[in-house]
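Q: Attaching a single structure in structure tokens format; questions to follow.
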Amino acid sequence: MDKSLLTLVVVISLVSAVACDKWALLVAGSNTYDNYRHQADICHAYHVLHNHGIPDDRIVVMMYDDIAHNEENPYKGNIINEPRGPNLYPGVLKDYTGKDVNPEVFLKVLSGDEKGVEALLGRKGKVIKSGPNDHVFVNFADHGGPDILAFPDDELHAEDLNNVILKMHKNRQYKEMVFYVEACESGSIFDRLLRKDINVFATTAANPQESSFATYWDQKRQVYLGDVYSVKWMQDSDVENLNSETLQEQFERVKKETNTSHVCEYGDRSIGKQKVGEFQGSSSTLALKFRSENMSRYDPNIGAIPSEDVPLETLKRRIEVAEGKKLMLLSEKYRALTRKYEETDKFFKHVVALVSDMGDFDRLSKDRVRSTDFKCYKESIRMMKSKCPGMTLTQNDRALRRLRVLANLCESGIAKERVWAAVRFAATESGMC
């Protein structure tokens with residue numbers, strides 16, 4: 001073989017050996033029209049990555065897909081993420097929809113377990129097939145609580161997610177991985193759980209004990225269009241040169257410009273030196289066209305409210321403009337939700353009263369003790385869902401925030417059997433259950 005040709009072959013082989021693919025997993029973990037903003041966030045995220053050159057066969061999207069053509073949506077086939085923003089629904093991938101959007105499928109997809117997905121769903125599905133030279137970007141938007149992320153009918157526990165990440169690291173399934181998580185108490189998913197030596201960097205919308213914030217109330221659609229943290233990082237990615245901006249620079253900018261909740265970072269912060277384009281795509285052609293033709297800029301901090309307040313605030317706003325029969329229906333919904341929140345508080349207060357001084361309720365529901373007894377906490381949640389299905393945990397913002405009571409009881413020194421017994425008994429006494 002000619003010497004120059006041999007040199008070329010060697011160079012090509014070396015380049016191929018270290019080639020870095022970019023993979024992305026985008027997840028909207030909620031359903032129903034009232035949670036419009038989460039799917040809007042993820043649709044926007046898809047276009048950020050697609051327009052920056054990540055091919056569709058390297059992007060996996062999980063969203064319930066019940067928003068665009070919902071009977072309550074006055075603009076069928078249309079989803080926007082900011083006032084006067086572009087329609088983000090056309091072209092968006094729908095790899096997993098409806099009931100397929102659940103924690104088990106999510107973890108199988110993230111870890112590249114094709115057989116596991118097929119066993120769960122009875123069909124094949126796209127997974128993250130990343131290898132030791134690849135970068136993986138994960139964006140999750142939904143409700144959350146202490147050490148959990150909510151899905152429509154179930155919850156993902158922080159321990160389970162971090163165990164999968166550790167397994168992926170051991171199996172050399174990525175070179176570096178980045179998480180952007182939008183949820184209440186999202187910091188609890190990684191705080192003192194995500195190791196700093198496994199090449200994973202995470203940023204979250206909120207610290208371990210506060211709500212994230214919804215934004216952009218749309219009077220015509222009668223919903224909130226986005227979430228402050230999510231809108232902020234995507235507005236940044238829409239306009240910045242991702243080949244020069246670093247992850248740390250994006251984090252600092254989003255943190256500074258989000259004055260509603262405390263945006264946090266976890267894991268291997270040295271990854272912050274990497275360019276954003278290494279995870280969100282480095283091409284600029286479509287991205288430039290997208291932002292020049294469609295992007296309007298509205299400050300998402302203005303009018304933002306805690307995500308936990310969205311259900312009641314949404315009903316209040318709808319009632320203000322409703323008339324006749326619709327007004328009566330919405331007013332009854334508001335009263336029913338208020339009663340449900342009151343019953344939710346009673347349930348957790350009853351649990352506390354059965355095992356501790358009742359005066360401890362305020363402390364247990366506000367303070368955060370780092371979770372270590374995950375078995376106690378997980379079983380407490382499982383038992384509560386089993387004995388009190390009427391609470392509809394993952395759809396009940398008040399209950400998600402009150403889970404801190406159970407998490408703290410499990411760390412209080414009280415025997416876990418007593419905590420579980422209290423949960424069972426409180427369920428038998430609750431009219432909600």
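Naming works like this for the structure tokens: A, B, ... for the chains as they're shown, residue 1 at the start of each chain, ligands 1 onward in shown order.
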Skipping near chain neighbours, those fewer than 5 positions away, what residues fall within 10 Å of A:Ser211 using only C-alpha atoms, listed as a count of residues only?

A: 18

Q: Do you know which residues are at most 6 Å from stretch 239-249 of chain A counting only C-alpha atoms, after dropping those on the same chain fewer than 3 positions away, and could you put them as a ChimeraX atom specification?

A: /A:236,252,272-277,282

Q: Taking 5 positions as the minimum chain separation for residues in the same chain, which residues sit within 9 Å of A:Arg398 when counting only C-alpha atoms? Answer as a JSON list (two decimals) with C-alpha atoms, in the first residue's frame.

A:
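Result saved to result.json:
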[["chain", "number", "residue", "atom", "x", "y", "z"],
["A", 308, "GLU", "CA", -47.66, 23.93, 43.35],
["A", 309, "ASP", "CA", -50.08, 26.89, 43.07],
["A", 340, "LYS", "CA", -58.99, 17.64, 48.32],
["A", 341, "TYR", "CA", -56.06, 19.76, 49.45],
["A", 344, "THR", "CA", -54.55, 15.81, 51.95],
["A", 345, "ASP", "CA", -53.25, 17.97, 54.79],
["A", 393, "LEU", "CA", -50.41, 11.28, 44.33],
["A", 403, "LEU", "CA", -44.22, 13.83, 51.03]]

Q: Which residues are close to A:Arg58, i.e. within 7 Å by only C-alpha atoms, leaving aside same-chain residues fewer than 6 positions away? Reply as a compact mmCIF listing (two decimals) with N, CA and C atoms, in the first residue's frame.

A:
# COMPACT_ATOMS: atom_id res chain seq x y z
N LYS A 22 -23.71 12.45 19.75
CA LYS A 22 -24.52 13.14 20.73
C LYS A 22 -25.88 12.45 20.79
N TRP A 23 -26.32 12.14 21.99
CA TRP A 23 -27.61 11.50 22.21
C TRP A 23 -28.44 12.36 23.16
N ALA A 24 -29.75 12.30 23.01
CA ALA A 24 -30.61 13.10 23.89
C ALA A 24 -31.89 12.35 24.22

Q: Got a sec: who's within 8 Å of stretch 410-423 of chain A, counting only C-alpha atoms, leaving out chain neighbours fewer than 5 positions off, as an NGL selection string?

A: :A and (350-352 or 354-355 or 369-373 or 376-377 or 379-380 or 383-384)

Q: Would you output that residue set with N, CA and C atoms, as a compact mmCIF listing (two decimals), in the first residue's frame?

A:
# COMPACT_ATOMS: atom_id res chain seq x y z
N HIS A 350 -52.58 13.43 60.36
CA HIS A 350 -52.99 12.23 61.08
C HIS A 350 -51.82 11.26 61.21
N VAL A 351 -51.06 11.09 60.13
CA VAL A 351 -49.89 10.22 60.18
C VAL A 351 -48.92 10.69 61.25
N VAL A 352 -48.66 11.99 61.29
CA VAL A 352 -47.73 12.55 62.28
C VAL A 352 -48.26 12.34 63.69
N LEU A 354 -50.04 10.08 64.88
CA LEU A 354 -49.99 8.68 65.30
C LEU A 354 -48.61 8.23 65.76
N VAL A 355 -47.58 8.94 65.36
CA VAL A 355 -46.22 8.49 65.70
C VAL A 355 -45.37 9.55 66.38
N VAL A 369 -34.61 16.88 55.85
CA VAL A 369 -33.53 16.04 56.33
C VAL A 369 -33.09 15.18 55.16
N ARG A 370 -31.80 15.06 54.95
CA ARG A 370 -31.31 14.25 53.83
C ARG A 370 -31.81 12.82 53.95
N SER A 371 -32.40 12.30 52.89
CA SER A 371 -32.92 10.93 52.90
C SER A 371 -31.78 9.93 52.82
N THR A 372 -31.84 8.95 53.70
CA THR A 372 -30.89 7.83 53.66
C THR A 372 -31.63 6.49 53.72
N ASP A 373 -32.78 6.49 54.41
CA ASP A 373 -33.56 5.26 54.53
C ASP A 373 -34.58 5.21 53.38
N CYS A 376 -37.65 2.74 53.73
CA CYS A 376 -38.77 3.24 54.53
C CYS A 376 -39.61 4.21 53.71
N TYR A 377 -38.95 5.14 53.04
CA TYR A 377 -39.65 6.18 52.28
C TYR A 377 -40.41 5.59 51.10
N GLU A 379 -41.48 2.52 50.64
CA GLU A 379 -42.59 1.68 51.08
C GLU A 379 -43.73 2.54 51.64
N SER A 380 -43.39 3.63 52.28
CA SER A 380 -44.42 4.54 52.79
C SER A 380 -45.25 5.10 51.64
N MET A 383 -47.35 2.26 50.02
CA MET A 383 -48.49 1.91 50.87
C MET A 383 -49.57 2.99 50.81
N MET A 384 -49.15 4.26 50.81
CA MET A 384 -50.10 5.35 50.74
C MET A 384 -50.88 5.30 49.43
